[in-house]
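File shown: start23.pdb. Contents: PDB, C-alpha atoms.
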ATOM      1  CA  MET H  22       0.000   0.000   0.000  1.00  0.00           C
ATOM      2  CA  ASN H  23       1.400   3.390  -0.975  1.00  0.00           C
ATOM      3  CA  THR H  24       1.269   5.712   2.010  1.00  0.00           C
ATOM      4  CA  PRO H  25       2.098   9.443   1.756  1.00  0.00           C
ATOM      5  CA  SER H  26       3.754  11.617   4.418  1.00  0.00           C
ATOM      6  CA  ASN H  27       1.463  13.304   6.929  1.00  0.00           C
ATOM      7  CA  MET H  28       3.385  16.572   6.389  1.00  0.00           C
ATOM      8  CA  LEU H  29       4.066  17.712   9.948  1.00  0.00           C
ATOM      9  CA  ALA H  30       3.697  21.505  10.311  1.00  0.00           C
ATOM     10  CA  LEU H  31       6.741  23.525   9.248  1.00  0.00           C
ATOM     11  CA  GLY H  32       8.403  25.242  12.199  1.00  0.00           C
ATOM     12  CA  THR H  33       7.730  22.261  14.502  1.00  0.00           C
ATOM     13  CA  LYS H  34      10.612  21.678  16.931  1.00  0.00           C
ATOM     14  CA  ALA H  35      12.333  18.336  16.387  1.00  0.00           C
ATOM     15  CA  PRO H  36      10.949  15.952  19.014  1.00  0.00           C
ATOM     16  CA  PHE H  37      13.779  14.764  21.278  1.00  0.00           C
ATOM     17  CA  PHE H  38      14.839  11.132  21.214  1.00  0.00           C
ATOM     18  CA  GLU H  39      17.355   8.747  22.710  1.00  0.00           C
ATOM     19  CA  LEU H  40      17.530   5.452  20.847  1.00  0.00           C
ATOM     20  CA  PRO H  41      19.914   2.494  20.602  1.00  0.00           C
ATOM     21  CA  ASN H  42      22.207   2.168  17.592  1.00  0.00           C
ATOM     22  CA  PRO H  43      22.465  -1.560  16.747  1.00  0.00           C
ATOM     23  CA  SER H  44      25.650  -0.960  14.684  1.00  0.00           C
ATOM     24  CA  LYS H  45      27.353   0.479  17.777  1.00  0.00           C
ATOM     25  CA  SER H  46      26.531  -2.348  20.223  1.00  0.00           C
ATOM     26  CA  ASN H  47      23.180  -0.675  20.991  1.00  0.00           C
ATOM     27  CA  GLU H  48      24.863   2.461  22.349  1.00  0.00           C
ATOM     28  CA  VAL H  49      22.072   4.937  23.105  1.00  0.00           C
ATOM     29  CA  GLN H  50      22.377   8.055  20.968  1.00  0.00           C
ATOM     30  CA  SER H  51      20.275  11.190  21.280  1.00  0.00           C
ATOM     31  CA  LEU H  52      19.177  13.903  18.910  1.00  0.00           C
ATOM     32  CA  ASP H  53      21.413  16.341  20.806  1.00  0.00           C
ATOM     33  CA  ASP H  54      24.451  14.044  20.430  1.00  0.00           C
ATOM     34  CA  LEU H  55      23.953  13.553  16.711  1.00  0.00           C
ATOM     35  CA  LYS H  56      22.439  16.755  15.316  1.00  0.00           C
ATOM     36  CA  GLY H  57      24.271  18.632  12.579  1.00  0.00           C
ATOM     37  CA  GLU H  58      25.896  22.020  13.030  1.00  0.00           C
ATOM     38  CA  LYS H  59      23.771  23.583  10.266  1.00  0.00           C
ATOM     39  CA  GLY H  60      20.973  21.094   9.668  1.00  0.00           C
ATOM     40  CA  THR H  61      19.684  17.650  10.576  1.00  0.00           C
ATOM     41  CA  LEU H  62      17.776  15.266   8.312  1.00  0.00           C
ATOM     42  CA  VAL H  63      15.744  12.672  10.229  1.00  0.00           C
ATOM     43  CA  ILE H  64      14.750   9.739   8.006  1.00  0.00           C
ATOM     44  CA  PHE H  65      12.234   7.076   8.995  1.00  0.00           C
ATOM     45  CA  MET H  66      13.196   3.983   7.027  1.00  0.00           C
ATOM     46  CA  CYS H  67      13.658   0.239   7.257  1.00  0.00           C
ATOM     47  CA  ASN H  68      15.625  -2.556   5.611  1.00  0.00           C
ATOM     48  CA  HIS H  69      13.154  -4.327   3.360  1.00  0.00           C
ATOM     49  CA  CYS H  70      10.865  -1.651   1.904  1.00  0.00           C
ATOM     50  CA  PRO H  71      11.164  -1.333  -1.900  1.00  0.00           C
ATOM     51  CA  PHE H  72      10.829   2.467  -1.632  1.00  0.00           C
ATOM     52  CA  VAL H  73      13.834   2.610   0.722  1.00  0.00           C
ATOM     53  CA  LEU H  74      15.860   0.227  -1.446  1.00  0.00           C
ATOM     54  CA  HIS H  75      15.040   2.486  -4.405  1.00  0.00           C
ATOM     55  CA  ILE H  76      16.653   5.592  -2.838  1.00  0.00           C
ATOM     56  CA  ILE H  77      19.240   4.323  -0.336  1.00  0.00           C
ATOM     57  CA  ASP H  78      22.245   4.639  -2.641  1.00  0.00           C
ATOM     58  CA  LYS H  79      21.305   8.237  -3.544  1.00  0.00           C
ATOM     59  CA  LEU H  80      20.782   9.014   0.135  1.00  0.00           C
ATOM     60  CA  THR H  81      24.277   7.687   0.902  1.00  0.00           C
ATOM     61  CA  GLU H  82      25.695   9.868  -1.885  1.00  0.00           C
ATOM     62  CA  LEU H  83      23.884  12.963  -0.534  1.00  0.00           C
ATOM     63  CA  TYR H  84      25.298  12.247   2.912  1.00  0.00           C
ATOM     64  CA  GLU H  85      28.814  12.138   1.466  1.00  0.00           C
ATOM     65  CA  ASP H  86      28.131  15.435  -0.343  1.00  0.00           C
ATOM     66  CA  TYR H  87      26.558  17.380   2.519  1.00  0.00           C
ATOM     67  CA  ASN H  88      27.911  15.986   5.778  1.00  0.00           C
ATOM     68  CA  GLU H  89      31.075  18.091   5.547  1.00  0.00           C
ATOM     69  CA  ALA H  90      28.888  21.188   5.033  1.00  0.00           C
ATOM     70  CA  GLY H  91      27.370  20.616   8.500  1.00  0.00           C
ATOM     71  CA  ILE H  92      24.265  18.582   7.648  1.00  0.00           C
ATOM     72  CA  GLU H  93      23.815  15.370   9.617  1.00  0.00           C
ATOM     73  CA  PHE H  94      21.525  12.482   8.698  1.00  0.00           C
ATOM     74  CA  ILE H  95      19.867  10.290  11.348  1.00  0.00           C
ATOM     75  CA  ALA H  96      17.917   7.244  10.163  1.00  0.00           C
ATOM     76  CA  ILE H  97      15.347   5.588  12.430  1.00  0.00           C
ATOM     77  CA  ASN H  98      13.645   2.208  12.009  1.00  0.00           C
ATOM     78  CA  SER H  99      10.295   2.062  13.837  1.00  0.00           C
ATOM     79  CA  ASN H 100       8.822  -1.053  12.219  1.00  0.00           C
ATOM     80  CA  ASN H 101       7.258  -3.844  14.252  1.00  0.00           C
ATOM     81  CA  VAL H 102       9.999  -6.474  13.980  1.00  0.00           C
ATOM     82  CA  GLU H 103       7.896  -9.232  15.504  1.00  0.00           C
ATOM     83  CA  LYS H 104       5.728  -9.172  12.398  1.00  0.00           C
ATOM     84  CA  TYR H 105       8.512  -8.018  10.041  1.00  0.00           C
ATOM     85  CA  PRO H 106      11.685  -9.849  11.107  1.00  0.00           C
ATOM     86  CA  ALA H 107      13.506  -8.491   8.008  1.00  0.00           C
ATOM     87  CA  ASP H 108      13.648  -5.164   9.884  1.00  0.00           C
ATOM     88  CA  SER H 109      15.188  -6.555  13.086  1.00  0.00           C
ATOM     89  CA  PRO H 110      18.155  -4.753  14.690  1.00  0.00           C
ATOM     90  CA  GLU H 111      20.493  -7.578  13.564  1.00  0.00           C
ATOM     91  CA  LYS H 112      19.316  -7.060   9.996  1.00  0.00           C
ATOM     92  CA  MET H 113      19.740  -3.290  10.389  1.00  0.00           C
ATOM     93  CA  ILE H 114      23.457  -3.899  10.988  1.00  0.00           C
ATOM     94  CA  GLU H 115      23.667  -6.145   7.901  1.00  0.00           C
ATOM     95  CA  PHE H 116      21.769  -3.592   5.810  1.00  0.00           C
ATOM     96  CA  GLN H 117      24.095  -0.778   6.867  1.00  0.00           C
ATOM     97  CA  ILE H 118      27.184  -2.821   5.982  1.00  0.00           C
ATOM     98  CA  GLU H 119      25.716  -4.029   2.693  1.00  0.00           C
ATOM     99  CA  ARG H 120      24.613  -0.548   1.580  1.00  0.00           C
ATOM    100  CA  LYS H 121      27.747   1.153   2.976  1.00  0.00           C
ATOM    101  CA  PHE H 122      26.145   4.144   4.662  1.00  0.00           C
ATOM    102  CA  ASP H 123      27.861   5.881   7.576  1.00  0.00           C
ATOM    103  CA  PHE H 124      25.014   7.884   9.082  1.00  0.00           C
ATOM    104  CA  PRO H 125      23.516   6.545  12.331  1.00  0.00           C
ATOM    105  CA  TYR H 126      20.661   4.056  11.992  1.00  0.00           C
ATOM    106  CA  LEU H 127      18.676   3.857  15.237  1.00  0.00           C
ATOM    107  CA  TYR H 128      16.006   1.461  16.442  1.00  0.00           C
ATOM    108  CA  ASP H 129      12.680   2.826  17.761  1.00  0.00           C
ATOM    109  CA  GLU H 130      11.256  -0.337  19.291  1.00  0.00           C
ATOM    110  CA  SER H 131       8.391   1.389  21.144  1.00  0.00           C
ATOM    111  CA  GLN H 132       7.433   3.374  18.001  1.00  0.00           C
ATOM    112  CA  ALA H 133       7.069   6.448  20.263  1.00  0.00           C
ATOM    113  CA  ILE H 134       9.500   8.477  18.164  1.00  0.00           C
ATOM    114  CA  ALA H 135       7.742   7.716  14.878  1.00  0.00           C
ATOM    115  CA  LYS H 136       4.518   8.859  16.545  1.00  0.00           C
ATOM    116  CA  ALA H 137       6.173  12.021  17.917  1.00  0.00           C
ATOM    117  CA  TYR H 138       7.279  12.918  14.357  1.00  0.00           C
ATOM    118  CA  ASP H 139       3.914  11.903  12.875  1.00  0.00           C
ATOM    119  CA  ALA H 140       5.896   9.675  10.509  1.00  0.00           C
ATOM    120  CA  ALA H 141       3.727   7.639   8.143  1.00  0.00           C
ATOM    121  CA  CYS H 142       5.877   5.888   5.560  1.00  0.00           C
ATOM    122  CA  THR H 143       9.307   4.527   4.738  1.00  0.00           C
ATOM    123  CA  PRO H 144      11.126   6.614   3.704  1.00  0.00           C
ATOM    124  CA  ASP H 145       9.759   9.731   5.425  1.00  0.00           C
ATOM    125  CA  PHE H 146      12.089  12.767   5.562  1.00  0.00           C
ATOM    126  CA  PHE H 147      12.172  15.605   8.121  1.00  0.00           C
ATOM    127  CA  PHE H 148      14.791  18.349   7.702  1.00  0.00           C
ATOM    128  CA  PHE H 149      15.535  20.722  10.583  1.00  0.00           C
ATOM    129  CA  ASP H 150      17.692  23.837  10.741  1.00  0.00           C
ATOM    130  CA  ASP H 151      20.405  24.586  13.319  1.00  0.00           C
ATOM    131  CA  LYS H 152      17.720  25.545  15.875  1.00  0.00           C
ATOM    132  CA  LEU H 153      15.968  22.192  15.228  1.00  0.00           C
ATOM    133  CA  ASP H 154      12.957  23.890  13.601  1.00  0.00           C
ATOM    134  CA  LEU H 155      11.342  21.905  10.776  1.00  0.00           C
ATOM    135  CA  ILE H 156      12.053  23.580   7.429  1.00  0.00           C
ATOM    136  CA  TYR H 157      11.357  20.771   4.943  1.00  0.00           C
ATOM    137  CA  ARG H 158       9.407  17.529   4.995  1.00  0.00           C
ATOM    138  CA  GLY H 159       8.384  15.364   2.111  1.00  0.00           C
ATOM    139  CA  GLN H 160       9.991  13.495  -0.732  1.00  0.00           C
ATOM    140  CA  ILE H 161      13.613  13.043  -1.761  1.00  0.00           C
ATOM    141  CA  ASP H 162      12.520  13.574  -5.412  1.00  0.00           C
ATOM    142  CA  ASP H 163       9.807  12.505  -7.902  1.00  0.00           C
ATOM    143  CA  SER H 164      11.202   9.021  -8.494  1.00  0.00           C
ATOM    144  CA  ARG H 165       9.295   5.967  -7.230  1.00  0.00           C
ATOM    145  CA  PRO H 166       9.919   2.284  -7.831  1.00  0.00           C
ATOM    146  CA  GLY H 167       8.584   1.502 -11.290  1.00  0.00           C
ATOM    147  CA  ASN H 168       7.886   5.072 -12.498  1.00  0.00           C
ATOM    148  CA  HIS H 169      11.093   5.161 -14.578  1.00  0.00           C
ATOM    149  CA  LYS H 170      12.188   8.558 -13.228  1.00  0.00           C
ATOM    150  CA  GLU H 171      15.814   8.849 -12.226  1.00  0.00           C
ATOM    151  CA  VAL H 172      16.615   9.082  -8.509  1.00  0.00           C
ATOM    152  CA  THR H 173      18.198  12.550  -8.323  1.00  0.00           C
ATOM    153  CA  GLY H 174      17.641  13.607  -4.712  1.00  0.00           C
ATOM    154  CA  GLU H 175      16.524  16.943  -6.164  1.00  0.00           C
ATOM    155  CA  ASP H 176      13.959  17.993  -3.540  1.00  0.00           C
ATOM    156  CA  LEU H 177      16.361  17.337  -0.662  1.00  0.00           C
ATOM    157  CA  ILE H 178      19.244  19.000  -2.513  1.00  0.00           C
ATOM    158  CA  ILE H 179      17.147  22.166  -2.967  1.00  0.00           C
ATOM    159  CA  ALA H 180      16.264  22.141   0.752  1.00  0.00           C
ATOM    160  CA  PHE H 181      19.925  21.640   1.741  1.00  0.00           C
ATOM    161  CA  GLU H 182      21.196  24.346  -0.634  1.00  0.00           C
ATOM    162  CA  ASN H 183      18.535  26.847   0.473  1.00  0.00           C
ATOM    163  CA  LEU H 184      19.539  26.302   4.099  1.00  0.00           C
ATOM    164  CA  LEU H 185      23.262  26.618   3.390  1.00  0.00           C
ATOM    165  CA  ILE H 186      22.908  29.897   1.446  1.00  0.00           C
ATOM    166  CA  GLY H 187      20.253  31.330   3.784  1.00  0.00           C
ATOM    167  CA  GLU H 188      17.397  31.335   1.270  1.00  0.00           C
ATOM    168  CA  PRO H 189      13.785  30.544   2.229  1.00  0.00           C
ATOM    169  CA  GLN H 190      12.546  27.022   1.541  1.00  0.00           C
ATOM    170  CA  GLU H 191      10.198  26.177  -1.319  1.00  0.00           C
ATOM    171  CA  GLU H 192       6.584  26.842  -0.399  1.00  0.00           C
ATOM    172  CA  ILE H 193       5.328  23.766  -2.213  1.00  0.00           C
ATOM    173  CA  GLN H 194       6.745  20.624  -0.628  1.00  0.00           C
ATOM    174  CA  ARG H 195       5.569  17.284  -1.976  1.00  0.00           C
ATOM    175  CA  PRO H 196       4.897  14.363   0.359  1.00  0.00           C
ATOM    176  CA  SER H 197       7.165  11.373   0.366  1.00  0.00           C
ATOM    177  CA  MET H 198       5.547   8.087  -0.591  1.00  0.00           C
ATOM    178  CA  GLY H 199       6.384   4.630   0.624  1.00  0.00           C
ATOM    179  CA  CYS H 200       5.257   1.588   2.522  1.00  0.00           C
ATOM    180  CA  ASN H 201       3.355   2.423   5.677  1.00  0.00           C
ATOM    181  CA  ILE H 202       5.265   2.132   8.939  1.00  0.00           C
ATOM    182  CA  LYS H 203       4.472  -1.313  10.335  1.00  0.00           C
ATOM    183  CA  TRP H 204       2.654  -0.335  13.504  1.00  0.00           C
ATOM    184  CA  LYS H 205       2.164  -2.711  16.424  1.00  0.00           C
TER     185      LYS H 205
END
Full structure transcribed into structure tokens:
Amino acid sequence: MNTPSNMLALGTKAPFFELPNPSKSNEVQSLDDLKGEKGTLVIFMCNHCPFVLHIIDKLTELYEDYNEAGIEFIAINSNNVEKYPADSPEKMIEFQIERKFDFPYLYDESQAIAKAYDAACTPDFFFFDDKLDLIYRGQIDDSRPGNHKEVTGEDLIIAFENLLIGEPQEEIQRPSMGCNIKWK
């Protein structure tokens, strides 16, 4: 089922979290520990969703391009792993190694953080400025599995560039689309 973003209100303060990072022996990491100097992209995602698999390599590339500019990415998996064992913390570690991404990938077992962000789908993107105010939420770009559009990362790139040069964000922000978060 294709589920769109709920489009949390712009200007919302990033809800605080402290979550374990399976790739770091379940070390608990918080938003304050991880946030970027200029901006922070929070991504709700998982291991098995075709929409995530479709964009993960581009996301990794964007991280390499923008992390040095002060933008941090934090990925969070909130899926119910009892029903979807492919999204278990062990598999999160494998997925991170296999797809070679360096940004933190945290596990939200209680699903409280997904609810705090009003996250709806995987992937769902929330981009905050240096004060942790929401300035962009929605899609990475127009590409979806099977629609034959190239994965460019364009919508996120525009949001990142606008932040870095101090320009206002686009008024029209299009929702992300993906598999629904697997709620308990």
| task | Would you please work out which residue, of H:Ile161, H:Leu31, H:Met198, H:Ile156, is nearest to Asn183 in chain H when using only C-alpha atoms? | result |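 Selected residue with least distance to Asn183 in chain H: H:Ile156.
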| said: Would you pick out the contacts of range 108-117 of chain H at 10 Å or less, using all atoms listed in the file, so that residues sharing its chain but fewer than 5 positions from it are not included, and give the list as a ChimeraX atom specification? | reply: /H:41-47,66-70,98-103,122-130,203
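The nearest approach to Ile64 in chain H among the residues H:Arg165, H:Arg158, H:Lys79, H:Lys170, with all atoms listed in the file taken into account, belongs to H:Arg158.
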| message | as a VMD selection string, please: the residues near Ile178 in chain H (cut-off 10 Å, all atoms listed in the file, same-chain neighbours under 5 positions excluded). | response | chain H and resid 83 86 to 87 161 to 162 173 183 to 184
Now that the selection is made, can you save its residues with C-alpha atoms as a JSON list (two decimals), in the coordinates of the input?
[["chain", "number", "residue", "atom", "x", "y", "z"],
["H", 83, "LEU", "CA", 23.88, 12.96, -0.53],
["H", 86, "ASP", "CA", 28.13, 15.44, -0.34],
["H", 87, "TYR", "CA", 26.56, 17.38, 2.52],
["H", 161, "ILE", "CA", 13.61, 13.04, -1.76],
["H", 162, "ASP", "CA", 12.52, 13.57, -5.41],
["H", 173, "THR", "CA", 18.20, 12.55, -8.32],
["H", 183, "ASN", "CA", 18.54, 26.85, 0.47],
["H", 184, "LEU", "CA", 19.54, 26.30, 4.10]]
| message | Going by the chain IDs and residue numbers used in this file, which residues fall under the PyMOL selection byres ((chain H and resi 91) around 6)? Write them as a ChimeraX atom specification. | response | /H:57-59,88-90,92
| How many Å separate CA of Val172 in chain H from CA of Ile76 in chain H? |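 It comes out at 6.7 Å.
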| task | Report the residues retrieved by the PyMOL selection byres ((chain H and resi 94) around 7) from the displayed file, expressed as a VMD selection string. | result | chain H and resid 61 to 63 84 92 to 93 95 to 96 124
| query | CA of Pro189 in chain H to CA of Ile97 in chain H: how many Å, to one decimal? | reply | 27.0 Å
Taking the structure I provided as the source, export range 161-194 of chain H with N, CA and C atoms, as a compact mmCIF listing (two decimals), in the first residue's frame.
# COMPACT_ATOMS: atom_id res chain seq x y z
N ILE H 161 12.22 12.84 -1.34
CA ILE H 161 13.61 13.04 -1.76
C ILE H 161 13.62 13.59 -3.20
N ASP H 162 12.70 13.11 -4.03
CA ASP H 162 12.52 13.57 -5.41
C ASP H 162 11.27 12.89 -5.97
N ASP H 163 11.03 13.05 -7.27
CA ASP H 163 9.81 12.50 -7.90
C ASP H 163 9.88 11.02 -8.25
N SER H 164 11.05 10.41 -8.08
CA SER H 164 11.20 9.02 -8.49
C SER H 164 10.52 8.08 -7.50
N ARG H 165 9.88 7.03 -8.05
CA ARG H 165 9.29 5.97 -7.23
C ARG H 165 9.64 4.64 -7.91
N PRO H 166 9.66 3.57 -7.17
CA PRO H 166 9.92 2.28 -7.83
C PRO H 166 8.93 2.09 -8.98
N GLY H 167 9.45 1.81 -10.15
CA GLY H 167 8.58 1.50 -11.29
C GLY H 167 8.09 2.70 -12.09
N ASN H 168 8.39 3.96 -11.68
CA ASN H 168 7.89 5.07 -12.50
C ASN H 168 8.92 5.57 -13.52
N HIS H 169 10.06 4.91 -13.57
CA HIS H 169 11.09 5.16 -14.58
C HIS H 169 11.68 6.56 -14.52
N LYS H 170 11.50 7.27 -13.39
CA LYS H 170 12.19 8.56 -13.23
C LYS H 170 13.48 8.30 -12.48
N GLU H 171 14.51 9.03 -12.86
CA GLU H 171 15.81 8.85 -12.23
C GLU H 171 15.76 9.34 -10.77
N VAL H 172 16.49 8.64 -9.90
CA VAL H 172 16.62 9.08 -8.51
C VAL H 172 17.69 10.17 -8.48
N THR H 173 17.26 11.42 -8.28
CA THR H 173 18.20 12.55 -8.32
C THR H 173 18.46 13.15 -6.95
N GLY H 174 17.53 12.95 -6.01
CA GLY H 174 17.64 13.61 -4.71
C GLY H 174 17.29 15.08 -4.76
N GLU H 175 16.69 15.51 -5.88
CA GLU H 175 16.52 16.94 -6.16
C GLU H 175 15.82 17.73 -5.06
N ASP H 176 14.72 17.22 -4.53
CA ASP H 176 13.96 17.99 -3.54
C ASP H 176 14.77 18.20 -2.26
N LEU H 177 15.50 17.18 -1.84
CA LEU H 177 16.36 17.34 -0.66
C LEU H 177 17.53 18.26 -0.96
N ILE H 178 18.11 18.13 -2.15
CA ILE H 178 19.24 19.00 -2.51
C ILE H 178 18.82 20.47 -2.46
N ILE H 179 17.64 20.78 -2.99
CA ILE H 179 17.15 22.17 -2.97
C ILE H 179 17.00 22.63 -1.52
N ALA H 180 16.44 21.78 -0.66
CA ALA H 180 16.26 22.14 0.75
C ALA H 180 17.62 22.37 1.42
N PHE H 181 18.59 21.50 1.14
CA PHE H 181 19.92 21.64 1.74
C PHE H 181 20.58 22.94 1.26
N GLU H 182 20.54 23.16 -0.06
CA GLU H 182 21.20 24.35 -0.63
C GLU H 182 20.55 25.63 -0.12
N ASN H 183 19.22 25.66 -0.05
CA ASN H 183 18.53 26.85 0.47
C ASN H 183 18.99 27.14 1.90
N LEU H 184 19.08 26.11 2.72
CA LEU H 184 19.54 26.30 4.10
C LEU H 184 20.97 26.86 4.11
N LEU H 185 21.85 26.25 3.33
CA LEU H 185 23.26 26.62 3.39
C LEU H 185 23.51 28.04 2.89
N ILE H 186 22.70 28.53 1.94
CA ILE H 186 22.91 29.90 1.45
C ILE H 186 21.96 30.89 2.10
N GLY H 187 21.12 30.42 3.05
CA GLY H 187 20.25 31.33 3.78
C GLY H 187 19.04 31.80 3.01
N GLU H 188 18.61 30.99 2.03
CA GLU H 188 17.40 31.33 1.27
C GLU H 188 16.19 30.65 1.90
N PRO H 189 14.98 31.23 1.71
CA PRO H 189 13.79 30.54 2.23
C PRO H 189 13.55 29.23 1.49
N GLN H 190 12.86 28.32 2.16
CA GLN H 190 12.55 27.02 1.54
C GLN H 190 11.39 27.17 0.55
N GLU H 191 11.29 26.21 -0.35
CA GLU H 191 10.20 26.18 -1.32
C GLU H 191 8.87 26.12 -0.57
N GLU H 192 7.89 26.87 -1.07
CA GLU H 192 6.58 26.84 -0.40
C GLU H 192 5.85 25.54 -0.68
N ILE H 193 6.01 25.03 -1.89
CA ILE H 193 5.33 23.77 -2.21
C ILE H 193 6.30 22.62 -1.93
N GLN H 194 5.94 21.79 -0.97
CA GLN H 194 6.75 20.62 -0.63
C GLN H 194 5.87 19.40 -0.84
